[in-house]
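Raw entry.pdb, PDB, C-alpha atoms and all ligand atoms:
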ATOM      1  CA  LYS Q   1     -36.121 -58.448  33.293  1.00  0.00           C
ATOM      2  CA  ILE Q   2     -32.503 -58.312  32.185  1.00  0.00           C
ATOM      3  CA  THR Q   3     -31.503 -60.692  29.428  1.00  0.00           C
ATOM      4  CA  VAL Q   4     -27.905 -61.819  29.389  1.00  0.00           C
ATOM      5  CA  GLY Q   5     -26.801 -63.899  26.425  1.00  0.00           C
ATOM      6  CA  VAL Q   6     -23.891 -66.256  25.930  1.00  0.00           C
ATOM      7  CA  LEU Q   7     -22.752 -66.504  22.323  1.00  0.00           C
ATOM      8  CA  ALA Q   8     -23.323 -70.172  21.595  1.00  0.00           C
ATOM      9  CA  LEU Q   9     -21.567 -70.882  18.323  1.00  0.00           C
ATOM     10  CA  GLN Q  10     -18.781 -72.922  19.869  1.00  0.00           C
ATOM     11  CA  GLY Q  11     -16.900 -73.268  23.147  1.00  0.00           C
ATOM     12  CA  GLY Q  12     -17.702 -73.073  26.857  1.00  0.00           C
ATOM     13  CA  VAL Q  13     -21.327 -71.963  26.735  1.00  0.00           C
ATOM     14  CA  VAL Q  14     -23.140 -74.031  29.364  1.00  0.00           C
ATOM     15  CA  GLU Q  15     -20.345 -73.462  31.878  1.00  0.00           C
ATOM     16  CA  HIS Q  16     -20.918 -69.703  31.710  1.00  0.00           C
ATOM     17  CA  ILE Q  17     -24.673 -70.065  31.955  1.00  0.00           C
ATOM     18  CA  SER Q  18     -24.352 -72.278  34.999  1.00  0.00           C
ATOM     19  CA  LEU Q  19     -22.020 -69.822  36.764  1.00  0.00           C
ATOM     20  CA  LEU Q  20     -24.270 -66.883  35.840  1.00  0.00           C
ATOM     21  CA  GLN Q  21     -27.191 -68.735  37.414  1.00  0.00           C
ATOM     22  CA  LYS Q  22     -25.162 -69.295  40.562  1.00  0.00           C
ATOM     23  CA  ALA Q  23     -24.074 -65.637  40.636  1.00  0.00           C
ATOM     24  CA  ALA Q  24     -27.491 -64.056  40.037  1.00  0.00           C
ATOM     25  CA  PRO Q  25     -28.877 -64.474  43.567  1.00  0.00           C
ATOM     26  CA  TYR Q  26     -25.948 -62.401  44.893  1.00  0.00           C
ATOM     27  CA  ILE Q  27     -26.945 -59.351  42.893  1.00  0.00           C
ATOM     28  CA  SER Q  28     -29.083 -56.923  44.793  1.00  0.00           C
ATOM     29  CA  SER Q  29     -29.877 -53.321  44.362  1.00  0.00           C
ATOM     30  CA  PRO Q  30     -30.847 -51.184  47.334  1.00  0.00           C
ATOM     31  CA  ASP Q  31     -33.558 -49.248  45.547  1.00  0.00           C
ATOM     32  CA  THR Q  32     -35.310 -51.857  43.474  1.00  0.00           C
ATOM     33  CA  SER Q  33     -37.235 -54.875  44.506  1.00  0.00           C
ATOM     34  CA  LYS Q  34     -35.659 -58.099  43.348  1.00  0.00           C
ATOM     35  CA  SER Q  35     -38.259 -58.822  40.688  1.00  0.00           C
ATOM     36  CA  ASP Q  36     -37.331 -55.610  38.895  1.00  0.00           C
ATOM     37  CA  PHE Q  37     -34.120 -57.095  37.720  1.00  0.00           C
ATOM     38  CA  ASP Q  38     -34.671 -60.769  37.384  1.00  0.00           C
ATOM     39  CA  PHE Q  39     -32.180 -62.199  34.983  1.00  0.00           C
ATOM     40  CA  ASP Q  40     -32.808 -64.370  31.981  1.00  0.00           C
ATOM     41  CA  PHE Q  41     -29.785 -66.248  30.670  1.00  0.00           C
ATOM     42  CA  ILE Q  42     -30.011 -67.359  27.069  1.00  0.00           C
ATOM     43  CA  GLN Q  43     -27.854 -68.987  24.401  1.00  0.00           C
ATOM     44  CA  VAL Q  44     -27.358 -66.742  21.382  1.00  0.00           C
ATOM     45  CA  ARG Q  45     -27.105 -68.154  17.871  1.00  0.00           C
ATOM     46  CA  THR Q  46     -29.183 -65.711  15.830  1.00  0.00           C
ATOM     47  CA  LYS Q  47     -29.506 -61.990  15.231  1.00  0.00           C
ATOM     48  CA  ASN Q  48     -32.890 -61.976  16.933  1.00  0.00           C
ATOM     49  CA  GLU Q  49     -31.573 -63.688  20.023  1.00  0.00           C
ATOM     50  CA  LEU Q  50     -28.748 -61.147  20.140  1.00  0.00           C
ATOM     51  CA  ALA Q  51     -31.209 -58.293  19.764  1.00  0.00           C
ATOM     52  CA  ALA Q  52     -33.066 -59.571  22.841  1.00  0.00           C
ATOM     53  CA  CYS Q  53     -29.942 -59.253  24.994  1.00  0.00           C
ATOM     54  CA  ASP Q  54     -28.986 -56.449  27.348  1.00  0.00           C
ATOM     55  CA  ALA Q  55     -25.501 -57.903  27.740  1.00  0.00           C
ATOM     56  CA  LEU Q  56     -23.429 -60.687  26.242  1.00  0.00           C
ATOM     57  CA  ILE Q  57     -20.636 -63.110  27.104  1.00  0.00           C
ATOM     58  CA  ILE Q  58     -18.396 -64.435  24.346  1.00  0.00           C
ATOM     59  CA  PRO Q  59     -16.993 -67.673  25.759  1.00  0.00           C
ATOM     60  CA  GLY Q  60     -13.699 -69.453  25.342  1.00  0.00           C
ATOM     61  CA  GLY Q  61     -13.170 -71.919  22.576  1.00  0.00           C
ATOM     62  CA  GLU Q  62     -11.359 -71.313  19.333  1.00  0.00           C
ATOM     63  CA  SER Q  63     -11.616 -67.835  17.957  1.00  0.00           C
ATOM     64  CA  THR Q  64     -10.910 -68.605  14.292  1.00  0.00           C
ATOM     65  CA  THR Q  65     -13.729 -71.170  14.269  1.00  0.00           C
ATOM     66  CA  MET Q  66     -16.015 -68.881  16.219  1.00  0.00           C
ATOM     67  CA  SER Q  67     -15.339 -66.062  13.812  1.00  0.00           C
ATOM     68  CA  ILE Q  68     -15.990 -68.201  10.714  1.00  0.00           C
ATOM     69  CA  VAL Q  69     -19.270 -69.508  12.139  1.00  0.00           C
ATOM     70  CA  ALA Q  70     -20.327 -65.977  13.159  1.00  0.00           C
ATOM     71  CA  GLN Q  71     -19.574 -64.754   9.656  1.00  0.00           C
ATOM     72  CA  ARG Q  72     -21.598 -67.562   8.028  1.00  0.00           C
ATOM     73  CA  LEU Q  73     -24.559 -66.851  10.272  1.00  0.00           C
ATOM     74  CA  GLY Q  74     -24.392 -63.128   9.486  1.00  0.00           C
ATOM     75  CA  LEU Q  75     -23.644 -62.334  13.121  1.00  0.00           C
ATOM     76  CA  LEU Q  76     -20.382 -60.398  12.825  1.00  0.00           C
ATOM     77  CA  ASP Q  77     -21.924 -57.046  11.978  1.00  0.00           C
ATOM     78  CA  PRO Q  78     -24.753 -57.378  14.519  1.00  0.00           C
ATOM     79  CA  LEU Q  79     -22.106 -58.244  17.131  1.00  0.00           C
ATOM     80  CA  ARG Q  80     -20.021 -55.202  16.173  1.00  0.00           C
ATOM     81  CA  ASP Q  81     -23.119 -53.055  16.404  1.00  0.00           C
ATOM     82  CA  PHE Q  82     -23.988 -54.516  19.833  1.00  0.00           C
ATOM     83  CA  VAL Q  83     -20.515 -53.794  21.195  1.00  0.00           C
ATOM     84  CA  LYS Q  84     -19.537 -50.557  19.492  1.00  0.00           C
ATOM     85  CA  VAL Q  85     -22.711 -48.717  18.535  1.00  0.00           C
ATOM     86  CA  GLN Q  86     -25.189 -49.816  21.185  1.00  0.00           C
ATOM     87  CA  GLY Q  87     -22.369 -50.020  23.711  1.00  0.00           C
ATOM     88  CA  LYS Q  88     -23.956 -52.844  25.680  1.00  0.00           C
ATOM     89  CA  PRO Q  89     -21.874 -54.713  28.275  1.00  0.00           C
ATOM     90  CA  VAL Q  90     -19.853 -57.529  26.773  1.00  0.00           C
ATOM     91  CA  TRP Q  91     -17.378 -59.907  28.409  1.00  0.00           C
ATOM     92  CA  GLY Q  92     -15.057 -62.148  26.457  1.00  0.00           C
ATOM     93  CA  THR Q  93     -13.151 -65.030  28.050  1.00  0.00           C
ATOM     94  CA  CYS Q  94     -10.074 -66.385  26.278  1.00  0.00           C
ATOM     95  CA  ALA Q  95     -11.197 -66.865  22.651  1.00  0.00           C
ATOM     96  CA  GLY Q  96     -13.891 -64.308  23.519  1.00  0.00           C
ATOM     97  CA  LEU Q  97     -11.160 -61.823  24.458  1.00  0.00           C
ATOM     98  CA  VAL Q  98      -9.521 -62.472  21.080  1.00  0.00           C
ATOM     99  CA  MET Q  99     -12.867 -61.757  19.360  1.00  0.00           C
ATOM    100  CA  LEU Q 100     -13.215 -58.466  21.247  1.00  0.00           C
ATOM    101  CA  ALA Q 101      -9.695 -57.242  20.446  1.00  0.00           C
ATOM    102  CA  GLU Q 102      -9.214 -54.762  17.625  1.00  0.00           C
ATOM    103  CA  GLU Q 103      -6.108 -56.681  16.569  1.00  0.00           C
ATOM    104  CA  ALA Q 104      -4.759 -60.187  17.038  1.00  0.00           C
ATOM    105  CA  SER Q 105      -1.264 -61.404  16.273  1.00  0.00           C
ATOM    106  CA  ALA Q 106      -1.893 -64.579  14.380  1.00  0.00           C
ATOM    107  CA  THR Q 107       0.451 -67.312  15.394  1.00  0.00           C
ATOM    108  CA  LYS Q 108      -0.048 -69.296  12.198  1.00  0.00           C
ATOM    109  CA  LYS Q 109      -1.312 -68.262   8.800  1.00  0.00           C
ATOM    110  CA  GLY Q 110      -3.511 -65.350   7.971  1.00  0.00           C
ATOM    111  CA  GLY Q 111      -5.695 -63.104  10.013  1.00  0.00           C
ATOM    112  CA  GLN Q 112      -9.225 -63.518  11.232  1.00  0.00           C
ATOM    113  CA  GLU Q 113     -12.321 -61.370  11.359  1.00  0.00           C
ATOM    114  CA  LEU Q 114     -12.775 -59.884  14.807  1.00  0.00           C
ATOM    115  CA  VAL Q 115     -15.646 -58.113  16.498  1.00  0.00           C
ATOM    116  CA  GLY Q 116     -13.358 -55.580  18.173  1.00  0.00           C
ATOM    117  CA  GLY Q 117     -14.246 -53.033  20.818  1.00  0.00           C
ATOM    118  CA  LEU Q 118     -11.075 -53.225  22.915  1.00  0.00           C
ATOM    119  CA  ASP Q 119      -8.204 -51.094  21.661  1.00  0.00           C
ATOM    120  CA  VAL Q 120      -5.674 -53.816  22.241  1.00  0.00           C
ATOM    121  CA  ARG Q 121      -3.589 -56.249  20.261  1.00  0.00           C
ATOM    122  CA  VAL Q 122      -3.739 -59.755  21.679  1.00  0.00           C
ATOM    123  CA  LEU Q 123      -1.133 -62.411  21.215  1.00  0.00           C
ATOM    124  CA  ARG Q 124      -2.914 -65.707  20.716  1.00  0.00           C
ATOM    125  CA  ASN Q 125      -1.686 -68.904  22.362  1.00  0.00           C
ATOM    126  CA  ARG Q 126       0.801 -66.973  24.458  1.00  0.00           C
ATOM    127  CA  TYR Q 127       1.748 -69.935  26.612  1.00  0.00           C
ATOM    128  CA  GLY Q 128       1.877 -72.589  23.909  1.00  0.00           C
ATOM    129  CA  THR Q 129      -0.366 -75.524  23.156  1.00  0.00           C
ATOM    130  CA  GLN Q 130      -3.074 -77.390  25.045  1.00  0.00           C
ATOM    131  CA  ILE Q 131      -0.610 -79.428  27.108  1.00  0.00           C
ATOM    132  CA  GLN Q 132       0.982 -76.221  28.364  1.00  0.00           C
ATOM    133  CA  SER Q 133      -2.282 -75.266  30.035  1.00  0.00           C
ATOM    134  CA  PHE Q 134      -1.939 -74.219  33.657  1.00  0.00           C
ATOM    135  CA  VAL Q 135      -3.686 -72.811  36.676  1.00  0.00           C
ATOM    136  CA  ALA Q 136      -2.267 -69.783  38.482  1.00  0.00           C
ATOM    137  CA  ASP Q 137      -3.394 -67.731  41.447  1.00  0.00           C
ATOM    138  CA  LEU Q 138      -4.275 -64.200  40.389  1.00  0.00           C
ATOM    139  CA  ARG Q 139      -4.775 -61.107  42.451  1.00  0.00           C
ATOM    140  CA  LEU Q 140      -7.662 -59.166  40.947  1.00  0.00           C
ATOM    141  CA  PRO Q 141      -8.056 -55.810  42.708  1.00  0.00           C
ATOM    142  CA  PHE Q 142     -11.430 -55.101  41.082  1.00  0.00           C
ATOM    143  CA  LEU Q 143     -12.950 -57.874  43.194  1.00  0.00           C
ATOM    144  CA  GLY Q 144     -12.487 -55.548  46.152  1.00  0.00           C
ATOM    145  CA  GLU Q 145      -9.538 -54.409  48.217  1.00  0.00           C
ATOM    146  CA  THR Q 146     -10.735 -56.415  51.183  1.00  0.00           C
ATOM    147  CA  ASP Q 147     -11.079 -59.624  49.208  1.00  0.00           C
ATOM    148  CA  THR Q 148      -7.569 -60.993  49.199  1.00  0.00           C
ATOM    149  CA  THR Q 149      -8.459 -64.559  48.274  1.00  0.00           C
ATOM    150  CA  PRO Q 150      -6.579 -65.239  45.039  1.00  0.00           C
ATOM    151  CA  PHE Q 151      -8.590 -66.128  41.969  1.00  0.00           C
ATOM    152  CA  ARG Q 152      -7.659 -69.441  40.383  1.00  0.00           C
ATOM    153  CA  GLY Q 153      -6.951 -68.441  36.788  1.00  0.00           C
ATOM    154  CA  VAL Q 154      -7.383 -71.322  34.348  1.00  0.00           C
ATOM    155  CA  PHE Q 155      -5.238 -70.700  31.269  1.00  0.00           C
ATOM    156  CA  ILE Q 156      -5.886 -72.897  28.227  1.00  0.00           C
ATOM    157  CA  ARG Q 157      -4.095 -71.895  25.021  1.00  0.00           C
ATOM    158  CA  ALA Q 158      -4.642 -68.456  26.438  1.00  0.00           C
ATOM    159  CA  PRO Q 159      -4.107 -65.133  24.718  1.00  0.00           C
ATOM    160  CA  VAL Q 160      -2.598 -62.148  26.519  1.00  0.00           C
ATOM    161  CA  VAL Q 161      -2.895 -58.456  25.821  1.00  0.00           C
ATOM    162  CA  GLU Q 162       0.352 -57.704  24.071  1.00  0.00           C
ATOM    163  CA  GLU Q 163      -0.212 -54.017  23.594  1.00  0.00           C
ATOM    164  CA  ILE Q 164      -2.745 -51.297  24.180  1.00  0.00           C
ATOM    165  CA  ILE Q 165      -3.152 -49.585  20.809  1.00  0.00           C
ATOM    166  CA  SER Q 166      -4.427 -46.181  19.754  1.00  0.00           C
ATOM    167  CA  PRO Q 167      -7.966 -46.207  18.448  1.00  0.00           C
ATOM    168  CA  SER Q 168      -8.278 -45.920  14.695  1.00  0.00           C
ATOM    169  CA  ALA Q 169      -9.478 -42.579  13.362  1.00  0.00           C
ATOM    170  CA  GLU Q 170     -12.776 -44.041  12.189  1.00  0.00           C
ATOM    171  CA  ALA Q 171     -13.409 -45.850  15.487  1.00  0.00           C
ATOM    172  CA  VAL Q 172     -17.094 -45.989  16.323  1.00  0.00           C
ATOM    173  CA  THR Q 173     -17.987 -45.133  19.890  1.00  0.00           C
ATOM    174  CA  PRO Q 174     -21.325 -45.559  21.560  1.00  0.00           C
ATOM    175  CA  GLY Q 175     -23.395 -42.795  23.098  1.00  0.00           C
ATOM    176  CA  ASP Q 176     -21.577 -39.515  23.491  1.00  0.00           C
ATOM    177  CA  GLY Q 177     -18.734 -40.685  21.237  1.00  0.00           C
ATOM    178  CA  LYS Q 178     -16.234 -40.280  24.019  1.00  0.00           C
ATOM    179  CA  LYS Q 179     -13.428 -42.781  23.788  1.00  0.00           C
ATOM    180  CA  GLU Q 180     -12.430 -44.215  27.139  1.00  0.00           C
ATOM    181  CA  PRO Q 181      -8.973 -45.648  27.802  1.00  0.00           C
ATOM    182  CA  VAL Q 182      -8.208 -49.319  28.218  1.00  0.00           C
ATOM    183  CA  GLU Q 183      -7.851 -50.201  31.905  1.00  0.00           C
ATOM    184  CA  VAL Q 184      -5.629 -53.062  32.978  1.00  0.00           C
ATOM    185  CA  MET Q 185      -7.734 -55.088  35.422  1.00  0.00           C
ATOM    186  CA  GLY Q 186      -5.423 -57.992  36.089  1.00  0.00           C
ATOM    187  CA  VAL Q 187      -1.944 -59.295  35.434  1.00  0.00           C
ATOM    188  CA  TYR Q 188      -0.303 -62.679  35.673  1.00  0.00           C
ATOM    189  CA  ARG Q 189       3.084 -62.422  37.315  1.00  0.00           C
ATOM    190  CA  LYS Q 190       5.200 -65.312  36.209  1.00  0.00           C
ATOM    191  CA  PRO Q 191       6.884 -66.903  39.234  1.00  0.00           C
ATOM    192  CA  SER Q 192      10.478 -66.885  38.059  1.00  0.00           C
ATOM    193  CA  GLU Q 193      10.529 -63.465  36.485  1.00  0.00           C
ATOM    194  CA  GLY Q 194      10.514 -59.889  37.674  1.00  0.00           C
ATOM    195  CA  GLY Q 195       7.587 -57.488  37.858  1.00  0.00           C
ATOM    196  CA  GLU Q 196       8.443 -56.070  34.451  1.00  0.00           C
ATOM    197  CA  ASP Q 197       7.330 -59.268  32.861  1.00  0.00           C
ATOM    198  CA  ASP Q 198       3.754 -59.219  34.041  1.00  0.00           C
ATOM    199  CA  ASP Q 199       1.325 -60.384  31.379  1.00  0.00           C
ATOM    200  CA  ILE Q 200      -1.902 -58.451  31.024  1.00  0.00           C
ATOM    201  CA  VAL Q 201      -4.698 -60.979  31.446  1.00  0.00           C
ATOM    202  CA  ALA Q 202      -7.753 -58.813  32.187  1.00  0.00           C
ATOM    203  CA  VAL Q 203      -8.761 -55.500  30.621  1.00  0.00           C
ATOM    204  CA  ARG Q 204     -11.747 -53.237  30.401  1.00  0.00           C
ATOM    205  CA  GLN Q 205     -12.627 -50.382  28.096  1.00  0.00           C
ATOM    206  CA  ARG Q 206     -15.955 -48.741  28.749  1.00  0.00           C
ATOM    207  CA  ASN Q 207     -18.574 -51.464  28.178  1.00  0.00           C
ATOM    208  CA  VAL Q 208     -16.135 -54.153  27.077  1.00  0.00           C
ATOM    209  CA  PHE Q 209     -14.386 -56.522  29.484  1.00  0.00           C
ATOM    210  CA  GLY Q 210     -11.990 -59.324  28.603  1.00  0.00           C
ATOM    211  CA  THR Q 211     -10.104 -62.036  30.477  1.00  0.00           C
ATOM    212  CA  SER Q 212      -7.436 -64.407  29.161  1.00  0.00           C
ATOM    213  CA  PHE Q 213      -8.483 -67.082  31.603  1.00  0.00           C
ATOM    214  CA  HIS Q 214     -11.654 -69.067  32.221  1.00  0.00           C
ATOM    215  CA  PRO Q 215     -13.582 -68.275  35.434  1.00  0.00           C
ATOM    216  CA  GLU Q 216     -16.414 -70.446  34.081  1.00  0.00           C
ATOM    217  CA  LEU Q 217     -14.193 -73.507  34.487  1.00  0.00           C
ATOM    218  CA  THR Q 218     -13.938 -72.925  38.225  1.00  0.00           C
ATOM    219  CA  SER Q 219     -16.675 -72.818  40.844  1.00  0.00           C
ATOM    220  CA  ASP Q 220     -15.634 -69.290  41.846  1.00  0.00           C
ATOM    221  CA  ILE Q 221     -18.521 -66.987  41.058  1.00  0.00           C
ATOM    222  CA  ARG Q 222     -16.813 -63.722  42.078  1.00  0.00           C
ATOM    223  CA  ILE Q 223     -16.094 -62.384  38.597  1.00  0.00           C
ATOM    224  CA  HIS Q 224     -19.547 -63.356  37.347  1.00  0.00           C
ATOM    225  CA  VAL Q 225     -21.100 -61.541  40.324  1.00  0.00           C
ATOM    226  CA  TRP Q 226     -18.909 -58.472  39.688  1.00  0.00           C
ATOM    227  CA  TRP Q 227     -19.753 -58.447  35.981  1.00  0.00           C
ATOM    228  CA  LEU Q 228     -23.506 -58.874  36.547  1.00  0.00           C
ATOM    229  CA  LYS Q 229     -23.339 -55.826  38.819  1.00  0.00           C
ATOM    230  CA  GLN Q 230     -21.734 -53.868  35.993  1.00  0.00           C
ATOM    231  CA  VAL Q 231     -24.514 -55.084  33.703  1.00  0.00           C
ATOM    232  CA  LEU Q 232     -27.143 -53.960  36.181  1.00  0.00           C
ATOM    233  CA  ASP Q 233     -25.553 -50.492  36.415  1.00  0.00           C
ATOM    234  CA  ALA Q 234     -25.256 -50.187  32.640  1.00  0.00           C
ATOM    235  CA  VAL Q 235     -28.855 -51.228  32.063  1.00  0.00           C
ATOM    236  CA  GLY Q 236     -29.961 -48.728  34.704  1.00  0.00           C
ATOM    237  CA  GLU Q 237     -28.008 -45.960  32.973  1.00  0.00           C
ATOM    238  CA  GLN Q 238     -29.363 -46.823  29.536  1.00  0.00           C
ATOM    239  CA  LYS Q 239     -32.925 -46.793  30.811  1.00  0.00           C
ATOM    240  CA  THR Q 240     -32.555 -43.485  32.618  1.00  0.00           C
ATOM    241  CA  GLY Q 241     -30.779 -42.083  29.568  1.00  0.00           C
ATOM    242  CA  GLN Q 242     -33.796 -42.983  27.515  1.00  0.00           C
ATOM    243  CA  GLY Q 243     -36.099 -41.117  29.841  1.00  0.00           C
ATOM    244  CA  ALA Q 244     -38.789 -42.189  32.231  1.00  0.00           C
ATOM    245  CA  GLY Q 245     -41.415 -44.826  31.789  1.00  0.00           C
ATOM    246  CA  VAL Q 246     -39.201 -47.598  30.465  1.00  0.00           C
ATOM    247  CA  GLN Q 247     -39.549 -50.802  32.440  1.00  0.00           C
ATOM    248  CA  VAL Q 248     -36.343 -52.582  33.374  1.00  0.00           C
TER     249      VAL Q 248
HETATM  250  N1  LIG Q 301      -6.219 -70.266  21.596  1.00  0.00           N
HETATM  251  C1  LIG Q 301      -7.604 -70.005  21.386  1.00  0.00           C
HETATM  252  C2  LIG Q 301      -7.789 -68.900  20.358  1.00  0.00           C
HETATM  253  O1  LIG Q 301      -6.876 -68.227  20.013  1.00  0.00           O
HETATM  254  C3  LIG Q 301      -8.299 -69.623  22.666  1.00  0.00           C
HETATM  255  C4  LIG Q 301      -8.318 -70.766  23.630  1.00  0.00           C
HETATM  256  C5  LIG Q 301      -9.428 -70.734  24.614  1.00  0.00           C
HETATM  257  O2  LIG Q 301     -10.436 -70.053  24.469  1.00  0.00           O
HETATM  258  N2  LIG Q 301      -9.301 -71.545  25.635  1.00  0.00           N
HETATM  259  O3  LIG Q 301      -8.864 -68.708  19.908  1.00  0.00           O
END

Since I need it in another form, could you write the structure as C-alpha cells?
Amino acid sequence: KITVGVLALQGGVVEHISLLQKAAPYISSPDTSKSDFDFDFIQVRTKNELAACDALIIPGGESTTMSIVAQRLGLLDPLRDFVKVQGKPVWGTCAGLVMLAEEASATKKGGQELVGGLDVRVLRNRYGTQIQSFVADLRLPFLGETDTTPFRGVFIRAPVVEEIISPSAEAVTPGDGKKEPVEVMGVYRKPSEGGEDDDIVAVRQRNVFGTSFHPELTSDIRIHVWWLKQVLDAVGEQKTGQGAGVQV
C-alpha cells in the first residue's frame, strides 16, 4: 500500500484527491501485481497523518495563510523533515510551489515561513490579481516526446520561478547528501514576446516537484499519472535501500 497525502489546511484539496483517484488505475508496474501498490489517498492535517504518507501534494490556495496554519498546527518542521531529511516525493501546485521554494519575493509586506526544498526564488502573483487569471497551452516534454497534446495550464494568481539559487551552505539533503540541480520541466512562452522571456512554470529537484499552474482544476490526468509513477519508483528505491523483507 502506498499512501499519498494532500496537505489539507487550505486550498484545492479535494480536486487533487479526485484527480489522483482517476490517475491511479493508469499506474502499472511490470514486475509487481497490482495489489502490491494499491494507493491510499488521504487528507493531511496532523503530524501523524503526515508520518503515514509516502508522498505528499501541497495544493494551491494562499501560501501565507497555509504557512500560518501549518505553523500553528506545528506542521512546518515535520514538513521540512519530510521533504529535506526523509526526501519523500512532494509536489506543490501554485501556492504549494511557493511553500516548497527556498525563497519567495513577497509582493506586499514581510516574508513568510516556507517549507523549502527547491533551490529557487519564486515571484508570487507574477501575472497580477485574480481577475488576471488565464489558461494557456503548455508543452511539457516530461509527459513524453510522443505526446504532443498541449497541457491546459490554469494560472490563478500564479507564482513563477524567478531564479534558480545556489543552495545554502547548511542545506540539508536526504540520503547520500548529494545535492541535485534544479531541472526546468516546463516554461510558459508568452504569445507576444520572444523566447528569452519564457517564464519557468515547472521545476524539479530530486524528490521535489513544483508547478505554477493547477492541473487539478482540469480533467487532464497526465501530470498526476506521471507524478504517481515517480512516487512508485521512489518508494521502490527506498524499500530496496532499506534491505529486503519490507512490504510495499
Ligand atoms: N498567489 C498565491 C500565493 O502566493 C497562490 C495562488 C494559487 O495557489 N492559486 O500563495

Report task. In the coordinate frame of the file, compute which residues have an atom within 12 Å of (-27.3, -56.0, 25.8) when using all atoms listed in the file, and state them as a ChimeraX atom specification. Result -> /Q:1-7,40-42,44,49-57,78-79,81-91,207-208,228,230-232,234-236,238-239

Query raised in the report: Which residues sit within 9 Å of ligand LIG 301 (chain Q), counting all atoms listed in the file, listed as an MDAnalysis selection string?
Result: chainID Q and resid 11:12 59:66 93:99 104 106:107 123:126 128:130 154:159 212:214

How big is the axis-aligned box around all listed atoms of range 131-144 of chain Q once 8 Å goes on each side, and where's its centre, in Å to one decimal, as AutoDock Vina command-line options?
--center_x -6.0 --center_y -67.3 --center_z 36.6 --size_x 29.9 --size_y 40.3 --size_z 35.0

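CA of Glu102 in chain Q is found 5.5 Å from CA of Asp119 in chain Q.
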
Query raised in the report: Taking only C-alpha atoms into account, which of Q:Val120, Q:Leu143, Q:Val69, Q:Val161 comes nearest Trp226 in chain Q?
Result: Q:Leu143

Report task. Determine the residue set returned by the PyMOL selection byres (((chain Q and resi 27) around 8) and not hetatm) for the present structure, and present it as number ranges by chain. Result -> Q: 23-26, 28-29, 225, 228-229

Query raised in the report: Could you work out how far CA of Val184 in chain Q lies from CA of Asp199 in chain Q, giving the answer in Å with one decimal?
Result: 10.2 Å

Query - the PyMOL selection byres (((chain Q and resi 202) around 6) and not hetatm) resolved against shown file, as JSON, numbers by chain - result: {"Q": [185, 186, 200, 201, 203, 210, 211]}

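By all atoms listed in the file, and with residues fewer than 4 positions from Arg72 in chain Q along its chain excluded, the set lying at most 12 Å from it is Leu9, Arg45, Thr46, Thr65, Met66, Ser67, Ile68, Leu76, Asp77 and Glu113 of chain Q.
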
Query raised in the report: Which one is closest to Val160 in chain Q: Q:Phe142, Q:Phe209, Q:Phe39, Q:Tyr188? Count only C-alpha atoms.
Result: Q:Tyr188

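The coordinates place CA of Leu100 in chain Q at 12.5 Å from CA of Val182 in chain Q.
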